[in-house]
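Chemist: My structure is in structure_4.pdb, and what it holds is PDB, C-alpha atoms:
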MODEL        1
ATOM      1  CA  LYS E   1      27.943  13.307  -1.161
ATOM      2  CA  LEU E   2      25.135  10.854  -0.545
ATOM      3  CA  ARG E   3      22.595  10.396  -3.339
ATOM      4  CA  LEU E   4      19.359   8.471  -2.916
ATOM      5  CA  ASN E   5      16.958   7.641  -5.734
ATOM      6  CA  LEU E   6      13.898   5.949  -4.263
ATOM      7  CA  LEU E   7      11.398   6.652  -7.052
ATOM      8  CA  GLY E   8      11.557   3.444  -9.037
ATOM      9  CA  ILE E   9      14.052   0.714  -8.199
ATOM     10  CA  PRO E  10      16.011   2.158  -5.237
ATOM     11  CA  GLU E  11      19.586   3.331  -5.781
ATOM     12  CA  VAL E  12      22.007   4.656  -3.154
ATOM     13  CA  TYR E  13      25.383   6.179  -3.982
ATOM     14  CA  LEU E  14      28.134   7.707  -1.883
ATOM     15  CA  ASP E  15      30.544   9.835  -3.901
ATOM     16  CA  ASP E  16      29.016   8.304  -7.042
ATOM     17  CA  GLN E  17      29.790   4.752  -5.904
ATOM     18  CA  PRO E  18      26.966   2.301  -5.111
ATOM     19  CA  ILE E  19      26.816   1.440  -1.412
ATOM     20  CA  PRO E  20      26.930  -2.225  -0.396
ATOM     21  CA  PHE E  21      24.607  -3.104   2.479
ATOM     22  CA  LYS E  22      24.899  -6.297   4.499
ATOM     23  CA  THR E  23      21.159  -6.709   5.019
ATOM     24  CA  ARG E  24      17.970  -5.480   3.405
ATOM     25  CA  LYS E  25      16.859  -4.055   6.739
ATOM     26  CA  SER E  26      19.888  -1.776   6.661
ATOM     27  CA  HIS E  27      18.487  -0.400   3.405
ATOM     28  CA  ALA E  28      15.047  -0.089   4.985
ATOM     29  CA  LEU E  29      16.433   1.724   8.015
ATOM     30  CA  LEU E  30      18.170   4.299   5.830
ATOM     31  CA  PHE E  31      15.116   4.777   3.624
ATOM     32  CA  TYR E  32      12.829   5.347   6.587
ATOM     33  CA  LEU E  33      15.155   7.816   8.275
ATOM     34  CA  VAL E  34      15.809   9.914   5.176
ATOM     35  CA  CYS E  35      12.048  10.124   4.521
ATOM     36  CA  ASN E  36      11.370  11.195   8.111
ATOM     37  CA  PRO E  37      13.484  14.250   8.905
ATOM     38  CA  GLY E  38      14.267  14.815  12.532
ATOM     39  CA  PRO E  39      15.037  12.521  15.484
ATOM     40  CA  GLN E  40      13.108   9.253  15.533
ATOM     41  CA  PRO E  41      12.505   7.286  18.758
ATOM     42  CA  ARG E  42      14.479   4.057  18.798
ATOM     43  CA  ASP E  43      11.560   1.979  19.990
ATOM     44  CA  VAL E  44       9.341   3.232  17.154
ATOM     45  CA  VAL E  45      11.953   2.383  14.513
ATOM     46  CA  ALA E  46      12.645  -1.000  16.116
ATOM     47  CA  GLU E  47       8.939  -1.839  16.125
ATOM     48  CA  LEU E  48       8.718  -0.826  12.471
ATOM     49  CA  LEU E  49      11.371  -3.313  11.342
ATOM     50  CA  TRP E  50      11.160  -6.077  13.972
ATOM     51  CA  PRO E  51       7.489  -6.053  15.009
ATOM     52  CA  ASP E  52       7.241  -9.694  16.092
ATOM     53  CA  MET E  53      10.138  -9.657  18.522
ATOM     54  CA  PRO E  54      10.338  -8.705  22.213
ATOM     55  CA  THR E  55      11.329  -5.090  22.732
ATOM     56  CA  ARG E  56      14.752  -5.972  24.118
ATOM     57  CA  GLN E  57      15.574  -8.100  21.064
ATOM     58  CA  SER E  58      14.208  -5.602  18.545
ATOM     59  CA  LEU E  59      16.280  -2.798  20.116
ATOM     60  CA  LYS E  60      19.373  -5.012  19.955
ATOM     61  CA  ASN E  61      18.670  -5.686  16.286
ATOM     62  CA  LEU E  62      18.315  -1.960  15.741
ATOM     63  CA  ARG E  63      21.701  -1.345  17.376
ATOM     64  CA  ASP E  64      23.275  -3.934  15.108
ATOM     65  CA  GLY E  65      21.535  -2.429  12.089
ATOM     66  CA  LEU E  66      22.737   1.059  12.981
ATOM     67  CA  THR E  67      26.305  -0.233  13.296
ATOM     68  CA  GLN E  68      26.074  -1.746   9.814
ATOM     69  CA  LEU E  69      24.450   1.367   8.404
ATOM     70  CA  ARG E  70      27.025   3.732   9.885
ATOM     71  CA  ALA E  71      29.767   1.529   8.467
ATOM     72  CA  ALA E  72      28.243   2.134   5.043
ATOM     73  CA  VAL E  73      27.293   5.827   5.198
ATOM     74  CA  GLY E  74      29.284   7.167   8.163
ATOM     75  CA  ASP E  75      28.074  10.351   9.829
ATOM     76  CA  TYR E  76      24.955  10.552   7.687
ATOM     77  CA  ILE E  77      23.342   8.572  10.507
ATOM     78  CA  THR E  78      23.501   9.932  14.049
ATOM     79  CA  ALA E  79      22.229   8.187  17.158
ATOM     80  CA  SER E  80      21.737   8.813  20.852
ATOM     81  CA  ILE E  81      20.466   6.583  23.640
ATOM     82  CA  GLN E  82      16.840   7.277  22.738
ATOM     83  CA  ARG E  83      16.890   8.663  19.197
ATOM     84  CA  VAL E  84      18.221   7.987  15.727
ATOM     85  CA  GLU E  85      18.327  10.476  12.876
ATOM     86  CA  PHE E  86      19.426  11.104   9.299
ATOM     87  CA  ASN E  87      21.950  13.950   9.287
ATOM     88  CA  CYS E  88      20.625  16.348   6.662
ATOM     89  CA  GLN E  89      23.366  18.867   7.450
ATOM     90  CA  LEU E  90      25.785  16.844   5.342
ATOM     91  CA  PRO E  91      25.572  17.168   1.537
ATOM     92  CA  TYR E  92      22.985  14.858   0.021
ATOM     93  CA  GLU E  93      20.556  14.613  -2.886
ATOM     94  CA  PHE E  94      17.212  12.879  -2.452
ATOM     95  CA  ASP E  95      14.884  12.436  -5.433
ATOM     96  CA  VAL E  96      11.690  12.104  -3.365
ATOM     97  CA  GLU E  97      12.373  15.386  -1.622
ATOM     98  CA  LEU E  98      13.229  17.167  -4.887
ATOM     99  CA  PHE E  99      10.172  15.719  -6.616
ATOM    100  CA  SER E 100       7.655  16.522  -3.904
ATOM    101  CA  SER E 101       8.884  20.049  -3.175
ATOM    102  CA  GLY E 102       9.343  20.794  -6.888
ATOM    103  CA  VAL E 103       5.769  19.833  -7.757
ATOM    104  CA  THR E 104       4.358  21.847  -4.856
ATOM    105  CA  GLN E 105       6.411  24.953  -5.674
ATOM    106  CA  ALA E 106       5.576  24.715  -9.375
ATOM    107  CA  GLN E 107       1.862  24.859  -8.601
ATOM    108  CA  ALA E 108       2.345  28.003  -6.533
ATOM    109  CA  THR E 109       4.498  29.763  -9.148
ATOM    110  CA  LEU E 110       2.931  28.313 -12.330
ATOM    111  CA  ASP E 111       6.466  27.408 -13.420
ATOM    112  CA  LEU E 112       5.884  24.749 -16.075
ATOM    113  CA  ALA E 113       9.586  24.117 -16.685
ATOM    114  CA  LYS E 114      10.140  23.518 -12.980
ATOM    115  CA  LEU E 115       7.182  21.165 -12.855
ATOM    116  CA  GLN E 116       8.450  19.253 -15.885
ATOM    117  CA  GLY E 117      11.839  18.875 -14.211
ATOM    118  CA  ALA E 118      10.279  17.630 -10.987
ATOM    119  CA  LEU E 119       8.067  15.123 -12.791
ATOM    120  CA  ASN E 120      11.067  13.778 -14.685
ATOM    121  CA  LEU E 121      12.368  12.544 -11.323
ATOM    122  CA  TYR E 122       9.417  10.172 -11.056
ATOM    123  CA  ARG E 123      11.031   7.048 -12.554
ATOM    124  CA  GLY E 124       8.401   4.744 -11.068
ATOM    125  CA  ASP E 125       6.680   3.756  -7.855
ATOM    126  CA  PHE E 126       8.354   4.567  -4.563
ATOM    127  CA  LEU E 127      10.764   1.726  -3.643
ATOM    128  CA  LEU E 128       9.678  -0.310  -6.634
ATOM    129  CA  GLY E 129      10.295  -4.010  -6.040
ATOM    130  CA  PHE E 130      11.683  -3.436  -2.530
ATOM    131  CA  HIS E 131      10.333  -5.706   0.198
ATOM    132  CA  VAL E 132      11.469  -6.571   3.703
ATOM    133  CA  GLN E 133      10.527  -9.909   5.215
ATOM    134  CA  ASN E 134       8.758 -10.009   8.578
ATOM    135  CA  ALA E 135       8.321  -6.240   8.724
ATOM    136  CA  GLN E 136       4.667  -5.587   7.990
ATOM    137  CA  PRO E 137       4.603  -2.077   9.562
ATOM    138  CA  PHE E 138       7.455  -1.031   7.270
ATOM    139  CA  ASP E 139       5.697  -2.483   4.230
ATOM    140  CA  GLU E 140       2.513  -0.618   5.185
ATOM    141  CA  TRP E 141       4.474   2.610   5.486
ATOM    142  CA  VAL E 142       5.969   2.023   2.029
ATOM    143  CA  LEU E 143       2.517   1.469   0.526
ATOM    144  CA  GLN E 144       1.237   4.703   2.040
ATOM    145  CA  GLN E 145       4.165   6.738   0.731
ATOM    146  CA  ARG E 146       3.885   5.039  -2.660
ATOM    147  CA  GLU E 147       0.226   5.990  -3.015
ATOM    148  CA  GLU E 148       0.773   9.614  -1.956
ATOM    149  CA  LEU E 149       3.673  10.122  -4.369
ATOM    150  CA  TYR E 150       1.829   8.361  -7.173
ATOM    151  CA  ILE E 151      -1.170  10.665  -6.783
ATOM    152  CA  GLN E 152       1.160  13.653  -6.793
ATOM    153  CA  ALA E 153       2.770  12.478 -10.048
ATOM    154  CA  ILE E 154      -0.569  11.752 -11.733
ATOM    155  CA  SER E 155      -2.083  15.082 -10.696
ATOM    156  CA  GLY E 156       1.065  16.936 -11.741
ATOM    157  CA  LEU E 157       1.112  15.362 -15.198
ATOM    158  CA  GLU E 158      -2.574  16.123 -15.739
ATOM    159  CA  TRP E 159      -2.163  19.736 -14.669
ATOM    160  CA  LEU E 160       0.954  20.184 -16.811
ATOM    161  CA  ALA E 161      -0.709  18.727 -19.928
ATOM    162  CA  GLU E 162      -3.701  21.034 -19.482
ATOM    163  CA  GLN E 163      -1.473  24.083 -19.051
ATOM    164  CA  TYR E 164       0.461  23.308 -22.243
ATOM    165  CA  CYS E 165      -2.861  22.811 -24.032
ATOM    166  CA  HIS E 166      -4.013  26.185 -22.724
ATOM    167  CA  GLN E 167      -0.859  27.722 -24.250
ATOM    168  CA  HIS E 168      -1.481  25.921 -27.590
ATOM    169  CA  GLU E 169       1.698  23.881 -27.100
ATOM    170  CA  TYR E 170      -0.073  20.808 -28.390
ATOM    171  CA  ASN E 171       2.954  18.659 -29.198
ATOM    172  CA  ILE E 172       4.394  19.116 -25.709
ATOM    173  CA  ALA E 173       0.970  18.509 -24.173
ATOM    174  CA  LEU E 174       0.647  15.288 -26.171
ATOM    175  CA  THR E 175       3.988  14.052 -24.866
ATOM    176  CA  VAL E 176       3.073  14.831 -21.257
ATOM    177  CA  ASN E 177      -0.387  13.301 -21.607
ATOM    178  CA  ARG E 178       1.041  10.111 -23.157
ATOM    179  CA  ARG E 179       3.150   9.679 -20.048
ATOM    180  CA  LEU E 180       0.055  10.152 -17.911
ATOM    181  CA  LEU E 181      -1.783   7.472 -19.888
ATOM    182  CA  LYS E 182       1.181   5.131 -19.547
ATOM    183  CA  LEU E 183       0.942   5.420 -15.764
ATOM    184  CA  GLU E 184      -2.845   5.270 -15.638
ATOM    185  CA  PRO E 185      -4.265   3.899 -18.910
ATOM    186  CA  TRP E 186      -7.828   3.730 -17.528
ATOM    187  CA  ARG E 187      -7.924   7.509 -16.924
ATOM    188  CA  GLU E 188     -10.794   8.592 -19.150
ATOM    189  CA  SER E 189     -10.204  12.331 -18.793
ATOM    190  CA  ALA E 190      -6.675  11.839 -20.161
ATOM    191  CA  HIS E 191      -8.043   9.934 -23.167
ATOM    192  CA  ARG E 192     -10.416  12.836 -23.847
ATOM    193  CA  LEU E 193      -7.588  15.337 -23.650
ATOM    194  CA  GLN E 194      -5.510  13.170 -25.990
ATOM    195  CA  MET E 195      -8.406  13.113 -28.470
ATOM    196  CA  GLN E 196      -8.725  16.896 -28.265
ATOM    197  CA  LEU E 197      -4.997  17.472 -28.672
ATOM    198  CA  LEU E 198      -4.820  15.184 -31.685
ATOM    199  CA  ALA E 199      -7.817  16.939 -33.247
ATOM    200  CA  PHE E 200      -6.244  20.346 -32.561
ATOM    201  CA  SER E 201      -3.103  19.125 -34.357
ATOM    202  CA  GLY E 202      -5.112  18.073 -37.409
ATOM    203  CA  HIS E 203      -4.913  14.318 -36.725
ATOM    204  CA  ASN E 204      -8.610  13.499 -36.606
ATOM    205  CA  SER E 205      -8.139   9.854 -37.561
ATOM    206  CA  ASP E 206      -5.686   9.429 -34.673
ATOM    207  CA  ALA E 207      -8.163  11.140 -32.345
ATOM    208  CA  LEU E 208     -10.874   8.686 -33.366
ATOM    209  CA  ALA E 209      -8.445   5.801 -32.881
ATOM    210  CA  GLN E 210      -7.716   7.132 -29.391
ATOM    211  CA  TYR E 211     -11.393   6.773 -28.545
ATOM    212  CA  LYS E 212     -11.258   3.102 -29.545
ATOM    213  CA  ILE E 213      -8.224   2.652 -27.304
ATOM    214  CA  CYS E 214     -10.083   4.329 -24.460
ATOM    215  CA  GLN E 215     -13.129   2.131 -25.026
ATOM    216  CA  ARG E 216     -11.041  -1.049 -25.023
ATOM    217  CA  VAL E 217      -9.005  -0.140 -21.944
ATOM    218  CA  LEU E 218     -12.041   0.846 -19.882
ATOM    219  CA  LEU E 219     -13.747  -2.403 -20.780
ATOM    220  CA  GLU E 220     -10.696  -4.549 -20.023
ATOM    221  CA  GLU E 221      -9.584  -2.774 -16.853
ATOM    222  CA  LEU E 222     -12.842  -1.613 -15.286
ATOM    223  CA  ASP E 223     -15.621  -3.339 -17.218
ATOM    224  CA  VAL E 224     -17.278   0.008 -18.016
ATOM    225  CA  GLN E 225     -18.077   1.967 -21.164
ATOM    226  CA  PRO E 226     -16.893   5.535 -21.852
ATOM    227  CA  THR E 227     -19.002   8.265 -20.311
ATOM    228  CA  ALA E 228     -21.451  10.344 -22.315
ATOM    229  CA  GLU E 229     -18.955  13.213 -22.377
ATOM    230  CA  THR E 230     -16.333  11.073 -24.105
ATOM    231  CA  VAL E 231     -18.844   9.611 -26.561
ATOM    232  CA  ALA E 232     -20.064  13.124 -27.433
ATOM    233  CA  LEU E 233     -16.499  14.256 -28.114
ATOM    234  CA  TYR E 234     -15.960  11.240 -30.369
ATOM    235  CA  GLU E 235     -19.128  12.018 -32.322
ATOM    236  CA  GLN E 236     -18.116  15.671 -32.697
ATOM    237  CA  ILE E 237     -14.715  14.740 -34.098
ATOM    238  CA  ARG E 238     -16.152  12.048 -36.363
ATOM    239  CA  GLY E 239     -18.791  14.426 -37.696
ATOM    240  CA  GLY E 240     -16.314  17.226 -38.316
ATOM    241  CA  GLU E 241     -18.044  19.415 -35.747
ATOM    242  CA  PHE E 242     -15.148  19.724 -33.329
ATOM    243  CA  ALA E 243     -13.823  23.278 -33.476
ATOM    244  CA  PRO E 244     -10.090  23.613 -32.730
ATOM    245  CA  HIS E 245     -10.558  26.160 -29.953
ATOM    246  CA  MET E 246      -8.554  26.353 -26.773
ATOM    247  CA  VAL E 247      -9.581  24.008 -23.976
ATOM    248  CA  GLU E 248      -9.686  25.737 -20.646
ATOM    249  CA  PRO E 249      -7.759  23.839 -17.970
ATOM    250  CA  GLN E 250     -10.076  21.995 -15.643
ATOM    251  CA  GLY E 251      -8.546  23.542 -12.547
ATOM    252  CA  VAL E 252      -7.250  20.283 -11.129
ATOM    253  CA  LYS E 253      -4.969  21.040  -8.226
ATOM    254  CA  LEU E 254      -1.896  19.009  -7.603
ATOM    255  CA  ASN E 255      -2.344  16.174  -5.086
ATOM    256  CA  GLN E 256      -6.080  16.014  -5.776
ATOM    257  CA  ARG E 257      -8.250  13.721  -7.906
ATOM    258  CA  SER E 258     -11.338  14.713  -9.823
ATOM    259  CA  GLU E 259     -14.688  13.027  -9.226
ATOM    260  CA  GLU E 260     -14.273  10.984 -12.401
ATOM    261  CA  GLN E 261     -10.763   9.919 -11.404
ATOM    262  CA  THR E 262     -12.076   8.697  -8.085
ATOM    263  CA  LEU E 263     -14.862   6.803  -9.846
ATOM    264  CA  HIS E 264     -12.637   5.081 -12.395
ATOM    265  CA  ALA E 265      -9.391   4.640 -10.492
ATOM    266  CA  PRO E 266      -8.558   1.601  -8.366
ATOM    267  CA  ALA E 267      -9.309   2.106  -4.684
ATOM    268  CA  PRO E 268      -6.479   3.909  -2.842
ATOM    269  CA  ILE E 269      -4.313   1.859  -0.552
ATOM    270  CA  PRO E 270      -5.612   2.444   2.976
ATOM    271  CA  ALA E 271      -3.348   4.434   5.256
ATOM    272  CA  THR E 272      -2.496   2.128   8.108
ATOM    273  CA  THR E 273       0.277   4.217   9.602
ATOM    274  CA  PRO E 274       0.466   7.939  10.426
ATOM    275  CA  ALA E 275       1.264  10.188   7.503
ATOM    276  CA  VAL E 276       4.945  10.986   7.114
ATOM    277  CA  ALA E 277       5.944  14.492   6.060
ATOM    278  CA  LEU E 278       8.464  14.754   3.251
ATOM    279  CA  HIS E 279      10.219  18.072   3.191
TER
ENDMDL
END
Write out the structure in this file as structure tokens.
Modeler:
Amino acid sequence: KLRLNLLGIPEVYLDDQPIPFKTRKSHALLFYLVCNPGPQPRDVVAELLWPDMPTRQSLKNLRDGLTQLRAAVGDYITASIQRVEFNCQLPYEFDVELFSSGVTQAQATLDLAKLQGALNLYRGDFLLGFHVQNAQPFDEWVLQQREELYIQAISGLEWLAEQYCHQHEYNIALTVNRRLLKLEPWRESAHRLQMQLLAFSGHNSDALAQYKICQRVLLEELDVQPTAETVALYEQIRGGEFAPHMVEPQGVKLNQRSEEQTLHAPAPIPATTPAVALH
């Protein structure tokens, strides 16, 4: 069974043994094919990995790369004269696929346990630390996938924390929201939720300290002050006026960012290649 973990530092195993690859482009070829189900034109893949070479040479390099890749993973890679494909009929496990489909299905079914399990697969950025020399189109594709999966993780964590808050599961919500803040410490809405959750749990001093953290991070990262909404919440907690009632979830859908998130988050990486569907 082939197992691919591409969220975080990439790992590839065949029958629980790490696979040795002769070249980094062999890795890249496998990663691209498993992320793009279905037959892929040879010339498109060759251009992705050898963009600065004549077509004849890039296709030859692709043939050599496919030979090396098939030596490593066998029939998981199939090829014809014009196409190359990852064989998903053989047994395999792919964390990106499980993560993306799990988050989407959890939204539809409101299955919090399923969502938690899917989010646990997000060990870090897609292909963290992986780079291929002289293959700018491939690097651009990686950046696009990385941004899409990152947004999905952030939105999923926010939604999950709000749902646990709605159910008065404050300790679980705090844990989920801490992970969100670790990924995106400048996210002001998450700081507000953390303040609310701490106040709900009777830790008003910690809630006030969270505001100071929020204030410092926003100043250091974005050179802005907290919004009036956050300041008002801080004053309510400090003045003992914050009632421990249930916070209604803000209705944030997975894969979407709120207006405030868009304002305070770094600019998204521009999509320079067509979107790739992950199934």
Chemist: Identify, on the basis of only C-alpha atoms, every residue whose closest approach to Ile81 in chain E does not exceed 10 Å; exclude the query and any residue fewer than 3 positions from it along the same chain; express the result as a ChimeraX atom specification.
Modeler: /E:41-42,84
Chemist: Which residue out of E:Leu197, E:Thr175, E:Tyr32, E:Val231 has the minimum interatomic distance to Lys212 in chain E when all atoms listed in the file are used?
Modeler: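 Of E:Leu197, E:Thr175, E:Tyr32, E:Val231, the one nearest Lys212 in chain E, counting all atoms listed in the file, is E:Val231.
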Chemist: Calculated over all atoms listed in the file, which of the candidates E:Val132, E:Ala228, E:Ile172, E:Leu181 has the smallest distance to Pro51 in chain E?
Modeler: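 Among the listed residues, E:Val132 lies closest to Pro51 in chain E.
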Chemist: Identify all residues satisfying the PyMOL selection byres ((chain E and resi 103-115) around 8) in the given file; provide them as a ChimeraX atom specification.
Modeler: /E:99-102,116-119,152,156,160,163,253-254
Chemist: Dump C-alpha atoms for the selected residues as a compact mmCIF listing (two decimals), keeping the file's coordinate frame?
Modeler:
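Produced file selection.txt, reproduced below:
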# COMPACT_ATOMS: atom_id res chain seq x y z
CA PHE E 99 10.17 15.72 -6.62
CA SER E 100 7.66 16.52 -3.90
CA SER E 101 8.88 20.05 -3.18
CA GLY E 102 9.34 20.79 -6.89
CA GLN E 116 8.45 19.25 -15.88
CA GLY E 117 11.84 18.88 -14.21
CA ALA E 118 10.28 17.63 -10.99
CA LEU E 119 8.07 15.12 -12.79
CA GLN E 152 1.16 13.65 -6.79
CA GLY E 156 1.06 16.94 -11.74
CA LEU E 160 0.95 20.18 -16.81
CA GLN E 163 -1.47 24.08 -19.05
CA LYS E 253 -4.97 21.04 -8.23
CA LEU E 254 -1.90 19.01 -7.60
Chemist: Here is a test: counting only C-alpha atoms, which residue of E:Cys88, E:Ala135, E:Ala79, E:Ile9 is nearest to Ser58 in chain E?
Modeler: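 Nearest candidate to Ser58 in chain E out of E:Cys88, E:Ala135, E:Ala79, E:Ile9: E:Ala135.
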Chemist: Restricting the calculation to only C-alpha atoms, which member of E:Ile19, E:Leu7, E:Leu59, E:Val96 is positioned closest to Val34 in chain E?
Modeler: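 Ranked by minimum distance to Val34 in chain E, first place goes to E:Val96.
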Chemist: Using all atoms listed in the file, which protein or nucleic acid residues come within 12 Å of Asp52 in chain E? Drop anything in the same chain fewer than 4 positions from it, and give the result as a ChimeraX atom specification.
Modeler: /E:46-48,56-58,133-137
Chemist: Just write the chosen residues, C-alpha atoms, as a CSV table (one decimal), in the coordinates of the input.
Modeler:
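The result, stored in part_27.csv:
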chain,number,residue,atom,x,y,z
E,46,ALA,CA,12.6,-1.0,16.1
E,47,GLU,CA,8.9,-1.8,16.1
E,48,LEU,CA,8.7,-0.8,12.5
E,56,ARG,CA,14.8,-6.0,24.1
E,57,GLN,CA,15.6,-8.1,21.1
E,58,SER,CA,14.2,-5.6,18.5
E,133,GLN,CA,10.5,-9.9,5.2
E,134,ASN,CA,8.8,-10.0,8.6
E,135,ALA,CA,8.3,-6.2,8.7
E,136,GLN,CA,4.7,-5.6,8.0
E,137,PRO,CA,4.6,-2.1,9.6
Chemist: For CA of Leu128 in chain E and CA of Pro10 in chain E, determine how far apart the two atoms are, in Å to one decimal place.
Modeler: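 Answer for the CA of Leu128 in chain E to CA of Pro10 in chain E separation: 6.9 Å.
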Chemist: Please provide the set of residues having any atom within 8 Å of Leu14 in chain E, restricted to only C-alpha atoms, with same-chain residues fewer than 3 positions apart removed, written as an MDAnalysis selection string.
Modeler: chainID E and resid 1:3 17:19 73
Chemist: For those residues, write C-alpha atoms to a file as a PDB file, in the coordinates of the input.
Modeler:
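part02.pdb, written as the output of this step:
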ATOM      1  CA  LYS E   1      27.943  13.307  -1.161  1.00  0.00           C
ATOM      2  CA  LEU E   2      25.135  10.854  -0.545  1.00  0.00           C
ATOM      3  CA  ARG E   3      22.595  10.396  -3.339  1.00  0.00           C
ATOM      4  CA  GLN E  17      29.790   4.752  -5.904  1.00  0.00           C
ATOM      5  CA  PRO E  18      26.966   2.301  -5.111  1.00  0.00           C
ATOM      6  CA  ILE E  19      26.816   1.440  -1.412  1.00  0.00           C
ATOM      7  CA  VAL E  73      27.293   5.827   5.198  1.00  0.00           C
TER       8      VAL E  73
END
Chemist: Need to verify the contact set: Ile237 in chain E, 12 Å, all atoms listed in the file, exclusion of same-chain residues closer than 4 positions in sequence. Can you return it as a list in words?
Modeler: Arg192, Met195, Gln196, Leu197, Leu198, Ala199, Phe200, Gly202, His203, Asn204, Ser205, Asp206, Ala207, Leu208, Ala209, Gln210, Tyr211, Thr230, Val231, Ala232, Leu233, Glu241, Phe242, Ala243 and Pro244 of chain E
Chemist: When you count all atoms listed in the file, which of these residues is closest to Ile77 in chain E: E:Leu193, E:Leu29, E:Leu183, E:Leu219?
Modeler: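 Among the listed residues, the smallest separation from Ile77 in chain E belongs to E:Leu29.
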Chemist: Can you list, as a PyMOL selection string, the residues that the PyMOL selection byres ((chain E and resi 185) around 12) selects here?
Modeler: chain E and resi 154+177-184+186-192+194+210+213-222+261+264-266
Chemist: Save out the residues we just selected, C-alpha atoms, as a PDB file, keeping the file's coordinate frame.
Modeler:
ATOM      1  CA  ILE E 154      -0.569  11.752 -11.733  1.00  0.00           C
ATOM      2  CA  ASN E 177      -0.387  13.301 -21.607  1.00  0.00           C
ATOM      3  CA  ARG E 178       1.041  10.111 -23.157  1.00  0.00           C
ATOM      4  CA  ARG E 179       3.150   9.679 -20.048  1.00  0.00           C
ATOM      5  CA  LEU E 180       0.055  10.152 -17.911  1.00  0.00           C
ATOM      6  CA  LEU E 181      -1.783   7.472 -19.888  1.00  0.00           C
ATOM      7  CA  LYS E 182       1.181   5.131 -19.547  1.00  0.00           C
ATOM      8  CA  LEU E 183       0.942   5.420 -15.764  1.00  0.00           C
ATOM      9  CA  GLU E 184      -2.845   5.270 -15.638  1.00  0.00           C
ATOM     10  CA  TRP E 186      -7.828   3.730 -17.528  1.00  0.00           C
ATOM     11  CA  ARG E 187      -7.924   7.509 -16.924  1.00  0.00           C
ATOM     12  CA  GLU E 188     -10.794   8.592 -19.150  1.00  0.00           C
ATOM     13  CA  SER E 189     -10.204  12.331 -18.793  1.00  0.00           C
ATOM     14  CA  ALA E 190      -6.675  11.839 -20.161  1.00  0.00           C
ATOM     15  CA  HIS E 191      -8.043   9.934 -23.167  1.00  0.00           C
ATOM     16  CA  ARG E 192     -10.416  12.836 -23.847  1.00  0.00           C
ATOM     17  CA  GLN E 194      -5.510  13.170 -25.990  1.00  0.00           C
ATOM     18  CA  GLN E 210      -7.716   7.132 -29.391  1.00  0.00           C
ATOM     19  CA  ILE E 213      -8.224   2.652 -27.304  1.00  0.00           C
ATOM     20  CA  CYS E 214     -10.083   4.329 -24.460  1.00  0.00           C
ATOM     21  CA  GLN E 215     -13.129   2.131 -25.026  1.00  0.00           C
ATOM     22  CA  ARG E 216     -11.041  -1.049 -25.023  1.00  0.00           C
ATOM     23  CA  VAL E 217      -9.005  -0.140 -21.944  1.00  0.00           C
ATOM     24  CA  LEU E 218     -12.041   0.846 -19.882  1.00  0.00           C
ATOM     25  CA  LEU E 219     -13.747  -2.403 -20.780  1.00  0.00           C
ATOM     26  CA  GLU E 220     -10.696  -4.549 -20.023  1.00  0.00           C
ATOM     27  CA  GLU E 221      -9.584  -2.774 -16.853  1.00  0.00           C
ATOM     28  CA  LEU E 222     -12.842  -1.613 -15.286  1.00  0.00           C
ATOM     29  CA  GLN E 261     -10.763   9.919 -11.404  1.00  0.00           C
ATOM     30  CA  HIS E 264     -12.637   5.081 -12.395  1.00  0.00           C
ATOM     31  CA  ALA E 265      -9.391   4.640 -10.492  1.00  0.00           C
ATOM     32  CA  PRO E 266      -8.558   1.601  -8.366  1.00  0.00           C
TER      33      PRO E 266
END
Chemist: Starting from the PyMOL selection byres ((chain E and resi 20) around 12), expand the selection into actual residues of this file and give them as a compact mmCIF listing (two decimals) with C-alpha atoms, in the frame of the given file.
Modeler:
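Below is the file that was written, expr_1.txt:
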# COMPACT_ATOMS: atom_id res chain seq x y z
CA GLU E 11 19.59 3.33 -5.78
CA VAL E 12 22.01 4.66 -3.15
CA TYR E 13 25.38 6.18 -3.98
CA LEU E 14 28.13 7.71 -1.88
CA GLN E 17 29.79 4.75 -5.90
CA PRO E 18 26.97 2.30 -5.11
CA ILE E 19 26.82 1.44 -1.41
CA PHE E 21 24.61 -3.10 2.48
CA LYS E 22 24.90 -6.30 4.50
CA THR E 23 21.16 -6.71 5.02
CA ARG E 24 17.97 -5.48 3.40
CA SER E 26 19.89 -1.78 6.66
CA HIS E 27 18.49 -0.40 3.40
CA GLN E 68 26.07 -1.75 9.81
CA LEU E 69 24.45 1.37 8.40
CA ARG E 70 27.02 3.73 9.88
CA ALA E 71 29.77 1.53 8.47
CA ALA E 72 28.24 2.13 5.04
CA VAL E 73 27.29 5.83 5.20
Chemist: Would you work out the distance separating CA of Gln82 in chain E from CA of Val142 in chain E, expressed in Å to one decimal?
Modeler: 24.0 Å
